[in-house]
file start17.txt (compact mmCIF, C-alpha atoms and all ligand atoms)
# COMPACT_ATOMS: atom_id res chain seq x y z
CA MET A 278 -0.47 -11.76 -12.55
CA GLY A 279 -1.60 -10.72 -9.08
CA ALA A 280 -5.16 -10.42 -7.82
CA GLY A 281 -5.06 -7.13 -5.93
CA PRO A 282 -7.17 -4.11 -6.95
CA ALA A 283 -5.13 -3.65 -10.17
CA GLY A 284 -5.19 -7.31 -11.27
CA LEU A 285 -8.88 -7.78 -10.43
CA SER A 286 -9.70 -4.70 -12.45
CA ALA A 287 -7.56 -5.89 -15.39
CA ALA A 288 -9.24 -9.32 -15.43
CA ALA A 289 -12.73 -7.78 -15.32
CA THR A 290 -11.83 -5.42 -18.19
CA VAL A 291 -10.49 -8.23 -20.41
CA SER A 292 -13.75 -10.12 -19.83
CA ALA A 293 -15.89 -7.01 -20.45
CA ALA A 294 -14.11 -6.61 -23.80
CA GLY A 295 -15.22 -10.13 -24.73
CA TYR A 296 -11.93 -12.00 -24.17
CA LYS A 297 -10.77 -14.65 -21.73
CA ALA A 298 -8.53 -13.79 -18.76
CA VAL A 299 -6.37 -16.06 -16.64
CA LEU A 300 -5.61 -14.68 -13.18
CA VAL A 301 -2.53 -16.08 -11.41
CA GLU A 302 -2.25 -15.22 -7.68
CA LYS A 303 0.50 -16.54 -5.44
CA GLU A 304 -1.63 -16.39 -2.26
CA ASP A 305 -4.62 -18.61 -1.52
CA ILE A 306 -7.00 -15.65 -1.32
CA LEU A 307 -7.76 -12.88 -3.79
CA GLY A 308 -7.89 -9.15 -3.05
CA GLY A 309 -4.24 -8.09 -2.65
CA ALA A 310 -2.87 -5.96 0.19
CA PRO A 311 -6.23 -4.55 1.41
CA ILE A 312 -7.50 -8.08 2.07
CA LEU A 313 -4.23 -9.89 2.91
CA SER A 314 -3.29 -7.20 5.47
CA GLY A 315 -6.83 -6.65 6.79
CA TYR A 316 -7.23 -2.91 6.07
CA ALA A 317 -10.14 -1.25 7.91
CA LYS A 318 -12.18 1.51 6.18
CA LEU A 319 -10.64 2.62 2.91
CA VAL A 320 -9.57 6.08 1.89
CA PRO A 321 -11.41 7.92 0.38
CA SER A 322 -14.67 5.95 0.15
CA GLY A 323 -14.95 5.09 3.85
CA GLU A 324 -16.13 1.63 2.86
CA TRP A 325 -14.79 -1.43 4.72
CA ALA A 326 -11.98 -3.02 2.67
CA LYS A 327 -13.55 -6.46 2.90
CA ASP A 328 -16.79 -5.18 1.32
CA ALA A 329 -15.27 -2.91 -1.35
CA ILE A 330 -12.52 -5.25 -2.52
CA GLY A 331 -14.75 -8.26 -1.79
CA ARG A 332 -17.09 -7.00 -4.52
CA MET A 333 -14.19 -6.91 -6.98
CA VAL A 334 -13.23 -10.46 -5.99
CA SER A 335 -16.74 -11.88 -6.45
CA ARG A 336 -17.09 -10.11 -9.80
CA VAL A 337 -14.19 -12.11 -11.26
CA GLU A 338 -14.91 -15.31 -9.33
CA GLU A 339 -18.43 -15.39 -10.76
CA ASP A 340 -17.22 -14.62 -14.28
CA ALA A 341 -16.96 -17.69 -16.55
CA ALA A 342 -14.52 -15.81 -18.79
CA VAL A 343 -11.96 -15.55 -15.94
CA THR A 344 -9.97 -18.63 -14.89
CA VAL A 345 -8.31 -18.23 -11.49
CA HIS A 346 -5.14 -20.03 -10.35
CA LYS A 347 -4.57 -19.43 -6.62
CA GLY A 348 -1.40 -20.34 -4.73
CA ALA A 349 0.50 -20.28 -8.02
CA LYS A 350 3.34 -18.35 -9.61
CA VAL A 351 4.83 -18.22 -13.08
CA THR A 352 8.20 -19.99 -13.07
CA GLN A 353 8.98 -19.96 -16.80
CA PHE A 354 7.86 -17.70 -19.58
CA GLU A 355 8.58 -17.77 -23.28
CA GLY A 356 7.23 -16.67 -26.65
CA GLU A 357 6.32 -13.39 -28.24
CA PRO A 358 3.39 -10.96 -28.25
CA GLY A 359 0.28 -12.84 -29.35
CA SER A 360 1.73 -16.22 -28.43
CA PHE A 361 3.35 -16.57 -25.00
CA THR A 362 3.49 -19.72 -22.84
CA ALA A 363 3.68 -19.40 -19.07
CA THR A 364 4.59 -22.41 -16.92
CA LEU A 365 3.07 -22.22 -13.44
CA SER A 366 4.60 -23.49 -10.18
CA ASN A 367 1.96 -26.27 -10.14
CA GLY A 368 3.24 -27.52 -13.51
CA GLU A 369 0.28 -26.25 -15.58
CA LYS A 370 0.97 -24.38 -18.80
CA VAL A 371 -1.03 -21.31 -19.83
CA SER A 372 -1.07 -19.92 -23.38
CA THR A 373 -1.65 -16.21 -23.54
CA GLY A 374 -1.39 -13.34 -25.98
CA ALA A 375 -0.30 -10.75 -23.40
CA VAL A 376 0.51 -10.39 -19.70
CA VAL A 377 -0.41 -7.70 -17.18
CA LEU A 378 1.89 -7.63 -14.16
CA ALA A 379 -0.28 -6.39 -11.29
CA THR A 380 2.05 -7.79 -8.69
CA GLY A 381 1.90 -4.82 -6.32
CA PHE A 382 4.23 -3.88 -3.48
CA THR A 383 5.62 -5.17 -0.19
CA HIS A 384 4.85 -3.26 3.04
CA PHE A 385 7.96 -1.67 4.54
CA ASP A 386 9.23 -3.83 7.40
CA SER A 387 9.62 -1.55 10.43
CA ILE A 388 12.37 -3.79 11.79
CA ASN A 389 14.55 -1.81 9.38
CA LYS A 390 13.99 1.29 11.56
CA PRO A 391 15.03 -0.29 14.90
CA GLU A 392 15.51 3.00 16.79
CA TRP A 393 11.77 3.62 16.50
CA GLY A 394 10.94 0.66 18.72
CA PHE A 395 9.11 -1.80 16.45
CA GLY A 396 9.98 -5.38 17.40
CA THR A 397 11.36 -4.18 20.76
CA PHE A 398 8.17 -2.87 22.42
CA GLU A 399 4.82 -4.65 22.18
CA ASP A 400 2.90 -1.37 22.01
CA VAL A 401 4.70 -0.15 18.88
CA LEU A 402 2.54 -1.21 15.94
CA THR A 403 2.29 -0.60 12.21
CA THR A 404 -0.67 1.08 10.51
CA THR A 405 -1.82 -2.31 9.18
CA GLN A 406 -1.78 -3.79 12.71
CA MET A 407 -3.68 -0.77 14.04
CA GLU A 408 -6.20 -1.11 11.19
CA GLN A 409 -6.72 -4.74 12.20
CA MET A 410 -7.48 -3.52 15.74
CA VAL A 411 -9.97 -1.00 14.34
CA SER A 412 -11.59 -3.77 12.26
CA ALA A 413 -11.92 -5.87 15.44
CA GLY A 414 -13.72 -2.90 17.05
CA LYS A 415 -11.62 -2.29 20.21
CA ILE A 416 -8.60 -0.05 20.87
CA SER A 417 -6.29 -1.39 23.59
CA CYS A 418 -2.57 -1.74 24.35
CA PRO A 419 -1.28 -5.15 23.23
CA SER A 420 1.02 -5.33 26.31
CA ASP A 421 -1.66 -5.25 29.01
CA GLY A 422 -5.03 -4.50 27.43
CA ARG A 423 -5.41 -0.98 28.91
CA VAL A 424 -7.29 1.68 26.94
CA PRO A 425 -4.61 4.09 25.60
CA GLU A 426 -4.69 7.66 26.89
CA ARG A 427 -2.42 8.80 24.06
CA VAL A 428 -1.57 7.32 20.65
CA ALA A 429 1.24 8.66 18.42
CA ILE A 430 1.26 8.03 14.68
CA LEU A 431 4.70 8.54 13.12
CA LEU A 432 4.54 9.38 9.40
CA CYS A 433 7.02 8.47 6.65
CA VAL A 434 8.27 5.22 8.23
CA GLY A 435 10.21 3.59 5.41
CA SER A 436 9.55 6.50 3.04
CA ARG A 437 11.47 9.72 2.28
CA ASP A 438 14.35 8.27 4.26
CA ARG A 439 17.71 8.33 2.48
CA GLN A 440 19.46 6.75 5.47
CA ILE A 441 17.78 3.45 4.75
CA GLY A 442 17.63 3.77 0.97
CA ARG A 443 13.95 4.68 0.59
CA GLU A 444 13.79 8.05 -1.09
CA TRP A 445 10.24 7.96 -2.35
CA CYS A 446 6.99 9.27 -0.85
CA SER A 447 4.44 6.46 -0.42
CA LYS A 448 1.65 8.81 -1.48
CA ILE A 449 -1.27 7.60 0.62
CA CYS A 450 0.03 7.14 4.19
CA CYS A 451 -0.65 10.74 5.31
CA THR A 452 -4.30 10.37 4.33
CA VAL A 453 -4.54 6.82 5.71
CA SER A 454 -3.09 8.10 9.01
CA ALA A 455 -5.49 11.04 9.26
CA ASN A 456 -8.31 8.56 8.63
CA LEU A 457 -6.92 6.14 11.22
CA ALA A 458 -6.72 8.94 13.81
CA MET A 459 -10.45 9.58 13.30
CA GLU A 460 -11.26 5.86 13.50
CA ILE A 461 -9.34 5.54 16.78
CA LYS A 462 -11.22 8.52 18.24
CA GLU A 463 -14.58 7.12 17.12
CA LEU A 464 -13.91 3.82 18.90
CA SER A 465 -12.17 5.33 21.91
CA PRO A 466 -13.28 8.97 22.48
CA GLN A 467 -11.07 9.36 25.59
CA THR A 468 -7.88 8.65 23.57
CA ASP A 469 -5.83 11.59 22.28
CA VAL A 470 -4.15 11.05 18.91
CA PHE A 471 -0.96 12.84 17.81
CA ILE A 472 0.46 12.71 14.28
CA TYR A 473 4.21 13.39 13.90
CA TYR A 474 5.04 14.64 10.42
CA MET A 475 7.71 16.16 8.15
CA ASP A 476 5.09 17.58 5.72
CA ILE A 477 1.48 16.59 5.24
CA ARG A 478 0.68 15.27 1.76
CA THR A 479 -3.07 14.81 1.71
CA PHE A 480 -3.25 15.73 -1.95
CA GLY A 481 -6.29 16.94 -3.89
CA LEU A 482 -9.69 16.31 -2.39
CA TYR A 483 -8.15 14.49 0.60
CA GLU A 484 -7.13 17.79 2.21
CA ASP A 485 -10.45 18.83 3.77
CA LYS A 486 -12.04 15.41 4.12
CA PHE A 487 -9.13 13.94 6.07
CA TYR A 488 -6.48 16.50 7.15
CA TRP A 489 -8.73 19.33 8.25
CA LYS A 490 -11.57 17.12 9.42
CA SER A 491 -9.24 15.06 11.63
CA GLN A 492 -8.08 18.26 13.36
CA GLU A 493 -11.32 20.21 13.54
CA GLU A 494 -13.84 17.47 14.30
CA PHE A 495 -11.65 14.80 15.91
CA LYS A 496 -9.05 17.00 17.67
CA THR A 497 -6.04 15.15 16.22
CA LYS A 498 -2.85 17.03 17.13
CA TYR A 499 -0.29 17.46 14.37
CA VAL A 500 3.36 17.84 15.52
CA LYS A 501 5.99 18.84 12.96
CA ALA A 502 9.01 16.96 14.23
CA ARG A 503 12.08 14.85 13.55
CA ILE A 504 11.87 11.67 15.60
CA ALA A 505 15.14 10.49 17.14
CA GLU A 506 14.01 7.39 19.04
CA VAL A 507 11.21 5.57 20.83
CA THR A 508 12.17 4.19 24.23
CA ALA A 509 10.45 2.78 27.33
CA SER A 510 9.69 4.99 30.33
CA GLY A 511 9.80 3.70 33.91
CA ASP A 512 6.00 3.22 34.11
CA GLY A 513 5.82 0.90 31.11
CA ARG A 514 4.72 3.59 28.65
CA LEU A 515 6.63 4.64 25.54
CA LEU A 516 8.62 7.83 25.15
CA VAL A 517 8.78 9.48 21.74
CA LYS A 518 11.89 11.64 21.61
CA GLY A 519 12.69 14.12 18.89
CA GLU A 520 12.92 17.73 17.87
CA ASP A 521 9.90 19.96 17.28
CA THR A 522 11.08 21.47 14.00
CA LEU A 523 8.73 24.48 14.19
CA VAL A 524 10.08 25.81 17.48
CA LYS A 525 13.43 23.97 17.17
CA ARG A 526 13.27 22.44 20.64
CA PRO A 527 13.69 18.88 21.85
CA ILE A 528 10.43 17.17 22.81
CA ILE A 529 9.81 14.01 24.82
CA ILE A 530 6.18 12.91 25.13
CA PRO A 531 4.90 9.69 26.77
CA PHE A 532 2.49 7.52 24.77
CA ASP A 533 0.63 4.26 25.31
CA ILE A 534 0.69 3.14 21.66
CA VAL A 535 3.04 4.27 18.87
CA VAL A 536 1.96 3.53 15.30
CA HIS A 537 4.39 3.43 12.36
CA ALA A 538 2.77 4.72 9.15
CA ILE A 539 4.63 2.24 6.97
CA GLY A 540 5.22 2.93 3.31
CA MET A 541 5.34 0.87 0.15
CA ASP A 542 8.51 -0.97 -0.83
CA PRO A 543 8.95 -2.59 -4.24
CA ASN A 544 7.52 -6.13 -4.29
CA GLU A 545 10.34 -8.19 -2.78
CA GLU A 546 9.87 -10.66 -5.64
CA ASN A 547 10.61 -8.08 -8.35
CA PRO A 548 14.14 -9.41 -9.07
CA GLU A 549 12.57 -12.85 -9.69
CA LEU A 550 9.78 -11.34 -11.82
CA SER A 551 12.37 -9.38 -13.77
CA SER A 552 14.35 -12.50 -14.64
CA VAL A 553 11.33 -14.75 -15.39
CA PHE A 554 9.61 -12.17 -17.61
CA GLY A 555 12.73 -10.46 -18.96
CA ILE A 556 11.68 -6.97 -17.94
CA ALA A 557 13.72 -4.13 -16.41
CA LEU A 558 13.25 -2.57 -12.97
CA GLU A 559 13.75 1.13 -12.22
CA LYS A 560 16.47 2.23 -9.81
CA HIS A 561 14.46 1.70 -6.62
CA GLY A 562 13.35 -1.78 -7.69
CA PHE A 563 9.80 -1.09 -8.95
CA ILE A 564 8.88 -2.20 -12.50
CA GLU A 565 10.22 0.13 -15.19
CA ARG A 566 7.69 1.83 -17.48
CA ALA A 567 8.14 1.54 -21.22
CA GLU A 568 7.33 5.14 -22.06
CA HIS A 569 5.35 7.65 -20.05
CA TYR A 570 3.11 9.19 -22.67
CA THR A 571 2.48 6.85 -25.57
CA ASN A 572 2.87 3.49 -23.84
CA THR A 573 1.95 4.28 -20.25
CA CYS A 574 0.94 0.72 -19.39
CA GLY A 575 3.97 -0.93 -20.96
CA THR A 576 7.13 -2.48 -19.55
CA THR A 577 10.48 -2.81 -21.29
CA ARG A 578 9.28 -6.02 -23.04
CA ARG A 579 6.63 -5.86 -25.73
CA GLY A 580 3.43 -7.75 -24.85
CA ILE A 581 4.01 -7.37 -21.11
CA TYR A 582 2.11 -4.59 -19.36
CA ALA A 583 1.98 -3.45 -15.74
CA ALA A 584 -0.43 -1.62 -13.46
CA GLY A 585 -0.86 -0.31 -9.93
CA ALA A 586 1.71 -0.43 -7.13
CA ALA A 587 4.00 -2.66 -9.21
CA TYR A 588 5.12 0.61 -10.88
CA GLY A 589 5.57 2.50 -7.58
CA PRO A 590 3.47 3.69 -4.62
CA GLU A 591 -0.13 3.96 -5.75
CA THR A 592 -3.63 4.38 -4.36
CA ILE A 593 -6.36 1.78 -4.78
CA ASP A 594 -8.46 4.01 -7.04
CA ASP A 595 -5.52 4.68 -9.36
CA SER A 596 -4.48 1.00 -9.30
CA ILE A 597 -7.98 0.05 -10.43
CA SER A 598 -7.88 2.59 -13.28
CA GLN A 599 -4.42 1.46 -14.33
CA GLY A 600 -5.50 -2.20 -14.28
CA ALA A 601 -8.37 -1.37 -16.64
CA ALA A 602 -6.06 0.75 -18.84
CA ALA A 603 -3.39 -1.98 -19.08
CA ALA A 604 -5.99 -4.60 -19.98
CA SER A 605 -7.52 -2.33 -22.64
CA ARG A 606 -4.11 -1.60 -24.11
CA ALA A 607 -3.23 -5.32 -24.17
CA VAL A 608 -6.50 -6.16 -25.95
CA ALA A 609 -6.03 -3.29 -28.44
CA ASP A 610 -2.45 -4.36 -29.25
CA LEU A 611 -3.56 -7.97 -29.73
CA ASN A 612 -6.35 -6.88 -32.06
CA ALA A 613 -3.82 -4.88 -34.06
CA LEU A 614 -1.56 -7.97 -34.30
CA VAL A 615 -4.45 -10.13 -35.55
CA GLN A 616 -5.44 -7.51 -38.16
CA LYS A 617 -1.87 -7.24 -39.38
CA ALA A 618 -1.57 -11.04 -39.66
CA GLY A 619 -4.94 -11.38 -41.43
C1 LIG A 701 -0.79 0.80 5.50
C2 LIG A 701 -1.42 1.05 4.15
C3 LIG A 701 -2.79 1.38 4.07
C4 LIG A 701 -3.36 1.66 2.82
N1 LIG A 701 -4.68 2.06 2.76
C5 LIG A 701 -5.17 2.51 1.58
C6 LIG A 701 -6.48 3.12 1.48
O1 LIG A 701 -7.20 3.23 2.47
N2 LIG A 701 -6.88 3.58 0.26
C7 LIG A 701 -6.08 3.51 -0.85
O2 LIG A 701 -6.48 3.98 -1.94
N3 LIG A 701 -4.87 2.89 -0.81
C8 LIG A 701 -4.40 2.41 0.38
N4 LIG A 701 -3.16 1.86 0.43
C9 LIG A 701 -2.47 1.56 -0.85
C10 LIG A 701 -3.00 0.22 -1.39
O3 LIG A 701 -2.55 -0.83 -0.54
C11 LIG A 701 -2.49 0.03 -2.83
O4 LIG A 701 -2.93 1.12 -3.61
C12 LIG A 701 -3.07 -1.23 -3.49
O5 LIG A 701 -2.95 -2.37 -2.64
C13 LIG A 701 -2.35 -1.48 -4.81
O6 LIG A 701 -3.01 -2.50 -5.49
P1 LIG A 701 -2.24 -3.49 -6.46
O7 LIG A 701 -3.26 -4.42 -7.00
O8 LIG A 701 -1.39 -2.73 -7.39
O9 LIG A 701 -1.21 -4.29 -5.52
P2 LIG A 701 -1.43 -5.28 -4.27
O10 LIG A 701 -2.60 -4.89 -3.46
O11 LIG A 701 -0.08 -5.35 -3.61
O12 LIG A 701 -1.74 -6.68 -4.96
C14 LIG A 701 -0.76 -7.41 -5.61
C15 LIG A 701 -1.17 -8.87 -5.67
O13 LIG A 701 -0.19 -9.59 -6.45
C16 LIG A 701 0.15 -10.79 -5.78
N5 LIG A 701 1.51 -11.13 -6.19
C17 LIG A 701 2.66 -10.51 -5.86
N6 LIG A 701 3.72 -11.11 -6.42
C18 LIG A 701 3.23 -12.15 -7.15
C19 LIG A 701 3.81 -13.15 -7.95
N7 LIG A 701 5.14 -13.23 -8.11
N8 LIG A 701 3.01 -14.06 -8.54
C20 LIG A 701 1.65 -14.00 -8.35
N9 LIG A 701 1.04 -13.09 -7.59
C21 LIG A 701 1.81 -12.17 -7.00
C22 LIG A 701 0.04 -10.42 -4.30
O14 LIG A 701 -0.10 -11.59 -3.51
C23 LIG A 701 -1.20 -9.53 -4.29
O15 LIG A 701 -2.38 -10.27 -4.18
C24 LIG A 701 -2.58 1.57 1.65
C25 LIG A 701 -1.22 1.19 1.73
C26 LIG A 701 -0.64 0.97 2.96
C27 LIG A 701 0.83 0.64 3.00
S1 LIG A 702 2.22 10.16 2.02
FE1 LIG A 702 2.81 11.32 3.87
S2 LIG A 702 3.45 9.72 5.35
FE2 LIG A 702 3.44 8.79 3.33
S3 LIG A 702 5.56 9.00 2.66
FE3 LIG A 702 4.41 10.72 1.76
S4 LIG A 702 4.65 12.39 3.24
FE4 LIG A 702 5.27 10.48 4.29
call {"tool": "encode", "arguments": {"input": "start17.txt", "output": "structure tokens", "more": "lines below"}}
Ligand SMILES: Cc1cc2nc3c(=O)[nH]c(=O)nc-3n(C[C@H](O)[C@H](O)[C@H](O)COP(=O)(O)OP(=O)(O)OC[C@H]3O[C@@H](n4cnc5c(N)ncnc54)[C@H](O)[C@@H]3O)c2cc1C
Ligand code: SF4
result
Amino acid sequence: MGAGPAGLSAAATVSAAGYKAVLVEKEDILGGAPILSGYAKLVPSGEWAKDAIGRMVSRVEEDAAVTVHKGAKVTQFEGEPGSFTATLSNGEKVSTGAVVLATGFTHFDSINKPEWGFGTFEDVLTTTQMEQMVSAGKISCPSDGRVPERVAILLCVGSRDRQIGREWCSKICCTVSANLAMEIKELSPQTDVFIYYMDIRTFGLYEDKFYWKSQEEFKTKYVKARIAEVTASGDGRLLVKGEDTLVKRPIIIPFDIVVHAIGMDPNEENPELSSVFGIALEKHGFIERAEHYTNTCGTTRRGIYAAGAAYGPETIDDSISQGAAAASRAVADLNALVQKAG
């Protein structure tokens, strides 16, 4: 279920193990968030999303062992491990031994942070909208087409924010933002980019390749601050108001574009998935894991596995690995069932 990086990887792994996979995707195109939202160059490979994920899509589309149902969802599901029947929204029935839920996440909707200007000012964008601009090859203000002198990227929008019920860190948005700052500078060298942060979490090998590089080579300015609000100034620019938490002083800086580094919410369809498949969700609304160490790919129902951002904020690389792991575990468990029966 779900043809993002995790689901595409799971389907390819089932086929590589010599079994048949059925991929059910609710949208009419495959590829998940990186394709549906038009991401630009991916972290950490630097490859365009359409090429990198496109390769994963063609691998399953060209594979005779993978049947793809697009624009379809599972509306009914019954049976037991080794012999489940899923009824799709188009009326078709699919028999399957196991299920991998690779149903991903929903981007945080910045409307839920109204004081930061999204939905009020045309020049306040999300990272996905800014990435679409980068993919189109030109940086300009949506309101009047001028080249921005200054762009602010606000981190942790819809993440690490107890006020709006999102306590988790979305894991990749610091690195994605450092990357975006460099992409903006490459396309528009006269634009200055500021990143407003609480802490920077460019974990592991992302630290030098993105955080330090964006400062040292691309002159991105990092401001440790608490943002209070984004308002309009008299000349049509945006004012980012807040407190510089290093020097503990209020700061008000004018910008031409403000970008919200939006985080990952649980898939908004998780309550529906939970009731159709009879699985539990954890307290934030992501899919609950069966057991961390001996059944890492499991859910609370036997025979149903999960992978990628369905479990919580995840990177593409890890979603791909988890998709392969969940598929391998499903195949191994099915083999064990057959051996037991025979
Ligand atoms: C702004 C932003 C930029 C990012 N950039 C990067 C980056 O550069 N590098 C990186 O490593 N990570 C990046 N990420 C994280 C990346 O998006 C995720 O790691 C990745 O998309 C997770 O893959 P997935 O397959 O688990 O889920 P998804 O990509 O969300 O795919 C899930 C699929 O399931 C389908 N689906 C959902 N519900 C159903 C249903 N009920 N029935 C059938 N199908 C369903 C969806 O339509 C979708 O196709 C970024 C995240 C954000 C928010
Ligand atoms: S990765 Fe960075 S921007 Fe994203 S939620 Fe975590 S700290 Fe905030």
call {"tool": "atom_distance", "arguments": {"input": "start17.txt", "atom1": "atom CA of A:Ala567", "atom2": "atom S2 of ligand LIG 702 (chain A)"}}
result
28.2 Å
call {"tool": "atom_distance", "arguments": {"input": "start17.txt", "atom1": "atom CA of A:Gln409", "atom2": "atom CA of A:Ala287"}}
result
27.6 Å
call {"tool": "residues_around", "arguments": {"input": "start17.txt", "residues": "A:Ala341", "least_positions_apart": "4", "cutoff": "10 Å", "atoms": "all atoms listed in the file", "output": "list in words"}}
result
Ser292, Lys297, Ala298 and Val337 of chain A
call {"tool": "residues_near_ligand", "arguments": {"input": "start17.txt", "ligand": "ligand LIG 702 (chain A)", "cutoff": "6 Å", "atoms": "all atoms listed in the file", "output": "number ranges by chain"}}
result
A: 432-433, 436-437, 446-451, 476-478
call {"tool": "residues_around", "arguments": {"input": "start17.txt", "residues": "A:Met541", "least_positions_apart": "5", "cutoff": "9 Å", "atoms": "only C-alpha atoms", "output": "PyMOL selection string"}}
result
chain A and resi 382-385+435-436+445-448+586+589-591
call {"tool": "closest_residue", "arguments": {"input": "start17.txt", "among": "A:Ile504, A:Ala602, A:Ile593, A:Ala509", "to": "ligand LIG 701 (chain A)", "atoms": "only C-alpha atoms and all ligand atoms"}}
result
A:Ile593
call {"tool": "residues_around", "arguments": {"input": "start17.txt", "residues": "stretch 306-320 of chain A", "least_positions_apart": "3", "cutoff": "8 Å", "atoms": "only C-alpha atoms", "output": "short mmCIF file (atom, residue, chain, number, x, y, z; two decimals) with C-alpha atoms, in the coordinates of the input"}}
result
data_model
loop_
_atom_site.label_atom_id
_atom_site.label_comp_id
_atom_site.auth_asym_id
_atom_site.auth_seq_id
_atom_site.Cartn_x
_atom_site.Cartn_y
_atom_site.Cartn_z
CA GLY A 279 -1.60 -10.72 -9.08
CA ALA A 280 -5.16 -10.42 -7.82
CA GLY A 281 -5.06 -7.13 -5.93
CA PRO A 282 -7.17 -4.11 -6.95
CA LEU A 285 -8.88 -7.78 -10.43
CA GLU A 302 -2.25 -15.22 -7.68
CA GLY A 323 -14.95 5.09 3.85
CA GLU A 324 -16.13 1.63 2.86
CA TRP A 325 -14.79 -1.43 4.72
CA ALA A 326 -11.98 -3.02 2.67
CA LYS A 327 -13.55 -6.46 2.90
CA ILE A 330 -12.52 -5.25 -2.52
CA GLY A 331 -14.75 -8.26 -1.79
CA MET A 333 -14.19 -6.91 -6.98
CA VAL A 334 -13.23 -10.46 -5.99
CA LYS A 347 -4.57 -19.43 -6.62
CA GLY A 381 1.90 -4.82 -6.32
CA THR A 405 -1.82 -2.31 9.18
CA GLU A 408 -6.20 -1.11 11.19
CA GLN A 409 -6.72 -4.74 12.20
CA VAL A 411 -9.97 -1.00 14.34
CA SER A 412 -11.59 -3.77 12.26
CA THR A 452 -4.30 10.37 4.33
CA VAL A 453 -4.54 6.82 5.71
CA ASN A 456 -8.31 8.56 8.63
#
call {"tool": "residues_around", "arguments": {"input": "start17.txt", "residues": "A:Ala458", "least_positions_apart": "3", "cutoff": "12 Å", "atoms": "all atoms listed in the file", "output": "MDAnalysis selection string"}}
result
chainID A and resid 318 404 407:408 411 416 427:431 450:455 461:466 468:473 487:492 494:499 535:536 538
call {"tool": "residues_around", "arguments": {"input": "start17.txt", "residues": "stretch 360-373 of chain A", "least_positions_apart": "3", "cutoff": "7 Å", "atoms": "only C-alpha atoms", "output": "ChimeraX atom specification"}}
result
/A:349-357
call {"tool": "axis_aligned_box", "arguments": {"input": "start17.txt", "around": "ligand LIG 701 (chain A)", "padding_each_side": "8 Å", "output": "JSON"}}
result
{"center_x": -1.0, "center_y": -5.0, "center_z": -1.5, "size_x": 28.3, "size_y": 34.0, "size_z": 30.0}
call {"tool": "atom_distance", "arguments": {"input": "start17.txt", "atom1": "atom CA of A:Gly519", "atom2": "atom CA of A:Glu426"}}
result
20.2 Å
call {"tool": "closest_residue", "arguments": {"input": "start17.txt", "among": "A:Val377, A:Ile441, A:Ala413, A:Val424", "to": "ligand LIG 701 (chain A)", "atoms": "only C-alpha atoms and all ligand atoms"}}
result
A:Val377
call {"tool": "closest_residue", "arguments": {"input": "start17.txt", "among": "A:Pro527, A:Pro391, A:Gly442, A:Gly555", "to": "A:Glu506", "atoms": "only C-alpha atoms"}}
result
A:Pro391
call {"tool": "residues_near_point", "arguments": {"input": "start17.txt", "point": "(-7.2, -3.1, -21.7)", "cutoff": "10 Å", "atoms": "only C-alpha atoms", "output": "PyMOL selection string"}}
result
chain A and resi 286-294+377+574+582+599-610
call {"tool": "closest_residue", "arguments": {"input": "start17.txt", "among": "A:Val301, A:Ala587, A:Val517, A:Met459", "to": "A:Glu545", "atoms": "all atoms listed in the file"}}
result
A:Ala587
call {"tool": "closest_residue", "arguments": {"input": "start17.txt", "among": "A:Lys486, A:Arg336, A:His537, A:Arg526", "to": "ligand LIG 701 (chain A)", "atoms": "all atoms listed in the file"}}
result
A:His537
call {"tool": "closest_residue", "arguments": {"input": "start17.txt", "among": "A:Tyr570, A:Trp393, A:Phe532, A:Tyr483", "to": "ligand LIG 701 (chain A)", "atoms": "only C-alpha atoms and all ligand atoms"}}
result
A:Tyr483
call {"tool": "decode", "arguments": {"input": "start17.txt", "residues": "stretch 329-337 of chain A", "atoms": "N, CA and C atoms", "output": "PDB file, in the first residue's frame"}}
result
ATOM      1  N   ALA A 329      15.835  10.450  -9.586  1.00  0.00           N
ATOM      2  CA  ALA A 329      16.142   9.411  -8.593  1.00  0.00           C
ATOM      3  C   ALA A 329      14.912   8.540  -8.326  1.00  0.00           C
ATOM      4  N   ILE A 330      13.788   9.188  -8.001  1.00  0.00           N
ATOM      5  CA  ILE A 330      12.595   8.409  -7.674  1.00  0.00           C
ATOM      6  C   ILE A 330      11.982   7.847  -8.974  1.00  0.00           C
ATOM      7  N   GLY A 331      12.172   8.592 -10.061  1.00  0.00           N
ATOM      8  CA  GLY A 331      11.699   8.107 -11.372  1.00  0.00           C
ATOM      9  C   GLY A 331      12.290   6.736 -11.707  1.00  0.00           C
ATOM     10  N   ARG A 332      13.554   6.552 -11.346  1.00  0.00           N
ATOM     11  CA  ARG A 332      14.202   5.241 -11.591  1.00  0.00           C
ATOM     12  C   ARG A 332      13.524   4.149 -10.792  1.00  0.00           C
ATOM     13  N   MET A 333      13.120   4.481  -9.555  1.00  0.00           N
ATOM     14  CA  MET A 333      12.445   3.483  -8.709  1.00  0.00           C
ATOM     15  C   MET A 333      11.076   3.145  -9.303  1.00  0.00           C
ATOM     16  N   VAL A 334      10.415   4.186  -9.862  1.00  0.00           N
ATOM     17  CA  VAL A 334       9.090   3.970 -10.452  1.00  0.00           C
ATOM     18  C   VAL A 334       9.223   3.078 -11.684  1.00  0.00           C
ATOM     19  N   SER A 335      10.165   3.392 -12.582  1.00  0.00           N
ATOM     20  CA  SER A 335      10.252   2.555 -13.798  1.00  0.00           C
ATOM     21  C   SER A 335      10.672   1.128 -13.456  1.00  0.00           C
ATOM     22  N   ARG A 336      11.477   0.954 -12.426  1.00  0.00           N
ATOM     23  CA  ARG A 336      11.878  -0.410 -12.055  1.00  0.00           C
ATOM     24  C   ARG A 336      10.648  -1.268 -11.748  1.00  0.00           C
ATOM     25  N   VAL A 337       9.673  -0.744 -11.031  1.00  0.00           N
ATOM     26  CA  VAL A 337       8.496  -1.590 -10.734  1.00  0.00           C
ATOM     27  C   VAL A 337       7.516  -1.615 -11.899  1.00  0.00           C
TER      28      VAL A 337
END
